[in-house]
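J.: I have a structure here, written as structure tokens, and I will follow up with some questions on it.
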Amino acid sequence: QVQLVESGGGLVQPGGSLGLSCTVSVRISYPMGWYRMTPGKERELVAKISEGGWAKYVDFVKGRFTISRDNAKNMVYLQLSNLKPEDSGTYYCNVALDSGDVWDWGQGTQVTVSS
């Protein structure tokens, strides 16, 4: 069973930055993504990265979030900058396959952007 452990969330003021990390218990030979869940909304993919490092973002995080991966360490990262209150939510990492299939979810890491 694959285990995903996200960390790095916290409380930050608008305009601030955070760095999220995801440790994966297996070799990450797949496209990986960061997802966000907010109250009343479906979990949504906000950034994805291919095995080779090609990244793609949803429009509302472009230029502010940066996804990266370290295949040797089975780690996926998300650098969040210029944060806005609407970026608040629980962030999860998982595979980002065209099929939509995902592994069992980890516990996520909470990001709260507030003054």
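Residues are named by chain letter and number: chains run A, B, ... in the order of the structure tokens, numbers start at 1 in each chain, and ligands are numbered from 1 in the order shown.
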Taking the backbone alone, and naming residues the way the document does, which bits of chain A are strand (DSSP E) by DSSP, as a ChimeraX atom specification?
T.: /A:4-7,10-12,18-24,32-37,44-49,55-57,65-70,75-80,89-95,109-113
J.: Can you tell me which residues surround segment 5-16 of chain A at a distance of at most 9 Å, considering only C-alpha atoms, apart from same-chain residues fewer than 5 positions away, and format the answer as a PDB file with C-alpha atoms, in the first residue's frame?
T.:
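Final file, part.pdb:
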```pdb
ATOM      1  CA  SER A  21       6.748  18.539   0.886  1.00  0.00           C
ATOM      2  CA  CYS A  22       5.374  15.116   0.098  1.00  0.00           C
ATOM      3  CA  THR A  23       7.120  11.876   0.931  1.00  0.00           C
ATOM      4  CA  VAL A  24       6.030   8.865  -1.091  1.00  0.00           C
ATOM      5  CA  SER A  25       6.677   5.325   0.087  1.00  0.00           C
ATOM      6  CA  LEU A  80       3.693  28.625  -2.684  1.00  0.00           C
ATOM      7  CA  SER A  81       4.360  32.364  -2.931  1.00  0.00           C
ATOM      8  CA  ASN A  82       2.346  35.574  -2.987  1.00  0.00           C
ATOM      9  CA  LEU A  83      -0.334  33.677  -1.125  1.00  0.00           C
ATOM     10  CA  LYS A  84      -3.930  34.863  -1.077  1.00  0.00           C
ATOM     11  CA  PRO A  85      -6.717  34.032   1.380  1.00  0.00           C
ATOM     12  CA  THR A  90      -5.826  21.273   2.733  1.00  0.00           C
ATOM     13  CA  TYR A  91      -3.155  20.314   0.253  1.00  0.00           C
ATOM     14  CA  TYR A  92      -2.527  16.739  -0.813  1.00  0.00           C
ATOM     15  CA  CYS A  93      -0.114  15.090  -3.179  1.00  0.00           C
ATOM     16  CA  TRP A 105      -4.951   9.809   0.077  1.00  0.00           C
ATOM     17  CA  GLY A 106      -2.617  10.933   2.818  1.00  0.00           C
ATOM     18  CA  GLN A 107      -3.630  13.189   5.651  1.00  0.00           C
ATOM     19  CA  GLY A 108      -2.807  16.363   3.752  1.00  0.00           C
ATOM     20  CA  THR A 109      -1.309  19.545   5.110  1.00  0.00           C
ATOM     21  CA  GLN A 110      -3.367  22.593   6.035  1.00  0.00           C
ATOM     22  CA  VAL A 111      -2.567  25.980   4.564  1.00  0.00           C
ATOM     23  CA  THR A 112      -4.287  29.002   6.046  1.00  0.00           C
ATOM     24  CA  VAL A 113      -3.734  32.432   4.555  1.00  0.00           C
ATOM     25  CA  SER A 114      -5.030  35.129   6.854  1.00  0.00           C
ATOM     26  CA  SER A 115      -4.013  38.412   8.374  1.00  0.00           C
TER      27      SER A 115
END
```
J.: Can you work out which one of A:Ile28, A:Gly89, A:Phe60, A:Leu78 has the shortest atom-to-atom distance to Lys41 of chain A, counting only C-alpha atoms?
T.: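 Closest candidate: A:Gly89.
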J.: Residues at most 7 Å from Ala96 of chain A, counting only C-alpha atoms, excluding those fewer than 6 positions away in the same chain, as a list in words?
T.: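 Surrounding residues, per the criterion: Pro31, Met32, Gly33 and Lys48 of chain A.
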J.: Mind writing the picked residues with C-alpha atoms as a PDB file, in the first residue's frame?
T.:
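part17.pdb was written with the following content:
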```
ATOM      1  CA  PRO A  31       3.202  12.083 -13.113  1.00  0.00           C
ATOM      2  CA  MET A  32       2.626  13.589  -9.687  1.00  0.00           C
ATOM      3  CA  GLY A  33       0.372  16.385  -8.572  1.00  0.00           C
ATOM      4  CA  LYS A  48       1.191  18.525 -11.814  1.00  0.00           C
TER       5      LYS A  48
END
```
J.: Calculate how many Å separate atom CA of Gln1 of chain A from atom CA of Trp103 of chain A, rounding to one decimal.
T.: 8.5 Å
J.: If we count only C-alpha atoms and set the cut-off at 9 Å, which residues sit around Lys56 of chain A, ignoring sequence neighbours fewer than 4 positions away in its own chain? Please answer as a list in words.
T.: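 Within the cut-off, the hits are Val46, Ala47, Lys48, Ile49, Ser50, Lys62 and Ile67 of chain A.
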J.: Take the selection from the previous step and output its residues with N, CA and C atoms, as a CSV table (one decimal), in the first residue's frame.
T.:
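Written file, result_4.csv:
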```
chain,number,residue,atom,x,y,z
A,46,VAL,N,-4.1,21.3,-8.6
A,46,VAL,CA,-3.7,22.7,-8.8
A,46,VAL,C,-2.3,22.7,-9.6
A,47,ALA,N,-1.6,21.6,-9.5
A,47,ALA,CA,-0.3,21.6,-10.2
A,47,ALA,C,0.1,20.1,-10.4
A,48,LYS,N,0.7,19.9,-11.5
A,48,LYS,CA,1.2,18.5,-11.8
A,48,LYS,C,2.6,18.6,-12.5
A,49,ILE,N,3.3,17.5,-12.3
A,49,ILE,CA,4.7,17.5,-12.9
A,49,ILE,C,4.9,16.1,-13.5
A,50,SER,N,5.4,16.0,-14.7
A,50,SER,CA,5.7,14.7,-15.3
A,50,SER,C,7.0,14.1,-14.7
A,62,LYS,N,-0.8,30.0,-11.4
A,62,LYS,CA,0.3,30.2,-12.3
A,62,LYS,C,1.1,31.4,-11.9
A,67,ILE,N,5.9,23.6,-8.7
A,67,ILE,CA,6.0,22.2,-8.3
A,67,ILE,C,7.3,21.6,-8.7
```
J.: Using only C-alpha atoms for the distances, tell me which of A:Thr38, A:Ser99, A:Asn94, A:Ser29 is nearest to Lys73 of chain A.
T.: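 Checking each candidate against Lys73 of chain A, we get A:Ser29 as the closest.
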J.: When you count only C-alpha atoms, which of these residues is closest to Gly52 of chain A: A:Asp70, A:Phe65, A:Leu20, A:Met37?
T.: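 Answer, going by the shortest atom-to-atom distance: A:Asp70.
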J.: Which is closest to Ser68 of chain A among A:Val2, A:Ser17, A:Trp34, A:Leu45, if we use only C-alpha atoms?
T.: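 Between A:Val2, A:Ser17, A:Trp34, A:Leu45, the residue approaching Ser68 of chain A most closely is A:Trp34.
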J.: Enumerate the residues of segment 16-108 of chain A with a DSSP assignment of helix (DSSP H, G or I), computed from the backbone, and present them as a PyMOL selection string.
T.: chain A and resi 59-61+85-87
